[in-house]
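A quick write-up on the structure given underneath.
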Amino acid sequence: MRAHDKWMKKIEAEYEVHECPKLPAAGVEVIFDTQLHQSRGTWRLSIYREANEEDLEANHYLENIGDLLWSKSVEIAFCPYCGKDLYDGACHR
Ligand SMILES: [Zn+2]
C-alpha cells in the first residue's frame, strides 16, 4: 500500500464530526481528524467559506455555489459553542 493510500485510510478511520446543537448554521465545523504531518487525530475547529452567487459572478474560475473558497482550522480541546470536553477527560497530549 502506498503511503498516500495509507494516510487516506487513516483519515477515513479517524474522521468524526461533533454534532453540536449550538453550532452556527454555516461556516464552522468541529471535527476530529488527522492533519498532514500529524501522527494522530486531534479535535479541530474548522472555519471555511463556501462560494455564493455573488462570488460566482465575480470569479469565473468558480463553478458551483458551495465550492470551497478557503478554510482554516485550529486545534481545540473543548467545543467553543456548547463547552463539551471533546476528549472526554482524556489526556490528548
Ligand atoms: Zn458543541
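For the C-alpha cells, the naming scheme is as follows: chains receive sequential letters (A, B, ...) according to their order of presentation, residues are indexed from 1 within each chain, and ligands are indexed from 1 in presentation order.
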| said: Taking only C-alpha atoms and all ligand atoms into account, list the residues no farther than 10 Å from ligand 1, as a PyMOL selection string. | reply: chain A and resi 18-23+29-30+78-86
Could those residues be written to a file, using N, CA and C atoms, as a short mmCIF file (atom, residue, chain, number, x, y, z; two decimals), in the first residue's frame?
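Full text of part10.cif as output:
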```
data_model
loop_
_atom_site.label_atom_id
_atom_site.label_comp_id
_atom_site.auth_asym_id
_atom_site.auth_seq_id
_atom_site.Cartn_x
_atom_site.Cartn_y
_atom_site.Cartn_z
N HIS A 18 -18.36 16.49 15.52
CA HIS A 18 -19.08 16.78 16.76
C HIS A 18 -20.44 17.38 16.38
N GLU A 19 -21.50 16.66 16.63
CA GLU A 19 -22.85 17.14 16.32
C GLU A 19 -23.26 18.09 17.43
N CYS A 20 -23.11 19.40 17.14
CA CYS A 20 -23.31 20.39 18.20
C CYS A 20 -24.63 21.13 18.02
N PRO A 21 -25.46 21.18 19.06
CA PRO A 21 -26.73 21.88 18.96
C PRO A 21 -26.57 23.40 18.89
N LYS A 22 -25.40 23.92 19.27
CA LYS A 22 -25.22 25.38 19.31
C LYS A 22 -24.31 25.91 18.21
N LEU A 23 -23.94 25.03 17.30
CA LEU A 23 -23.07 25.44 16.20
C LEU A 23 -23.79 26.43 15.28
N GLU A 29 -17.22 24.06 11.63
CA GLU A 29 -17.44 22.66 12.00
C GLU A 29 -16.47 22.32 13.10
N VAL A 30 -16.89 21.41 13.98
CA VAL A 30 -15.96 20.87 14.95
C VAL A 30 -15.73 19.41 14.56
N PHE A 78 -12.01 21.83 23.80
CA PHE A 78 -13.41 21.98 24.19
C PHE A 78 -14.18 22.62 23.04
N CYS A 79 -15.44 22.26 22.89
CA CYS A 79 -16.25 22.90 21.87
C CYS A 79 -16.50 24.35 22.31
N PRO A 80 -16.17 25.34 21.48
CA PRO A 80 -16.37 26.73 21.87
C PRO A 80 -17.84 27.15 21.92
N TYR A 81 -18.74 26.33 21.44
CA TYR A 81 -20.16 26.69 21.40
C TYR A 81 -20.96 26.07 22.53
N CYS A 82 -20.76 24.79 22.81
CA CYS A 82 -21.54 24.16 23.87
C CYS A 82 -20.68 23.82 25.09
N GLY A 83 -19.36 23.94 24.96
CA GLY A 83 -18.48 23.71 26.10
C GLY A 83 -18.11 22.25 26.34
N LYS A 84 -18.52 21.36 25.48
CA LYS A 84 -18.23 19.93 25.67
C LYS A 84 -16.73 19.66 25.67
N ASP A 85 -16.30 18.82 26.61
CA ASP A 85 -14.93 18.35 26.63
C ASP A 85 -14.79 17.29 25.54
N LEU A 86 -14.17 17.67 24.43
CA LEU A 86 -14.16 16.79 23.25
C LEU A 86 -13.34 15.53 23.46
#
```
| task | Apply DSSP to the structure's backbone, then extract all residues of region 22-84 of chain A labelled strand (DSSP E or B) and return them as a ChimeraX atom specification. | result | /A:28-33,42-50,68-75,78
May I have the selected residues written with C-alpha atoms, as a PDB file, in the first residue's frame?
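Below you can see again.pdb, which holds the result:
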```
ATOM      1  CA  VAL A  28     -17.837  26.296  11.005  1.00  0.00           C
ATOM      2  CA  GLU A  29     -17.438  22.662  11.996  1.00  0.00           C
ATOM      3  CA  VAL A  30     -15.958  20.866  14.953  1.00  0.00           C
ATOM      4  CA  ILE A  31     -14.216  17.789  13.609  1.00  0.00           C
ATOM      5  CA  PHE A  32     -11.823  15.113  14.749  1.00  0.00           C
ATOM      6  CA  ASP A  33      -9.317  14.284  12.068  1.00  0.00           C
ATOM      7  CA  THR A  42      -6.978  15.883  17.005  1.00  0.00           C
ATOM      8  CA  TRP A  43     -10.188  17.810  17.555  1.00  0.00           C
ATOM      9  CA  ARG A  44     -10.198  20.927  15.443  1.00  0.00           C
ATOM     10  CA  LEU A  45     -12.396  23.944  14.883  1.00  0.00           C
ATOM     11  CA  SER A  46     -12.642  24.237  11.123  1.00  0.00           C
ATOM     12  CA  ILE A  47     -13.641  27.594   9.637  1.00  0.00           C
ATOM     13  CA  TYR A  48     -14.491  27.748   5.970  1.00  0.00           C
ATOM     14  CA  ARG A  49     -16.215  29.878   3.378  1.00  0.00           C
ATOM     15  CA  GLU A  50     -18.248  28.484   0.513  1.00  0.00           C
ATOM     16  CA  LEU A  68     -14.838  25.887  -1.038  1.00  0.00           C
ATOM     17  CA  LEU A  69     -13.113  29.305  -1.192  1.00  0.00           C
ATOM     18  CA  TRP A  70     -10.843  28.861   1.791  1.00  0.00           C
ATOM     19  CA  SER A  71     -10.616  27.022   5.077  1.00  0.00           C
ATOM     20  CA  LYS A  72      -8.561  27.190   8.243  1.00  0.00           C
ATOM     21  CA  SER A  73      -8.558  25.035  11.303  1.00  0.00           C
ATOM     22  CA  VAL A  74      -7.200  25.262  14.812  1.00  0.00           C
ATOM     23  CA  GLU A  75      -6.711  22.564  17.408  1.00  0.00           C
ATOM     24  CA  PHE A  78     -13.407  21.976  24.194  1.00  0.00           C
TER      25      PHE A  78
END
```
| said: Taking only C-alpha atoms into account, name the residue in A:Ala51, A:Asn64, A:Leu36, A:Gly41 that is nearest to Glu16 (chain A). | reply: A:Gly41
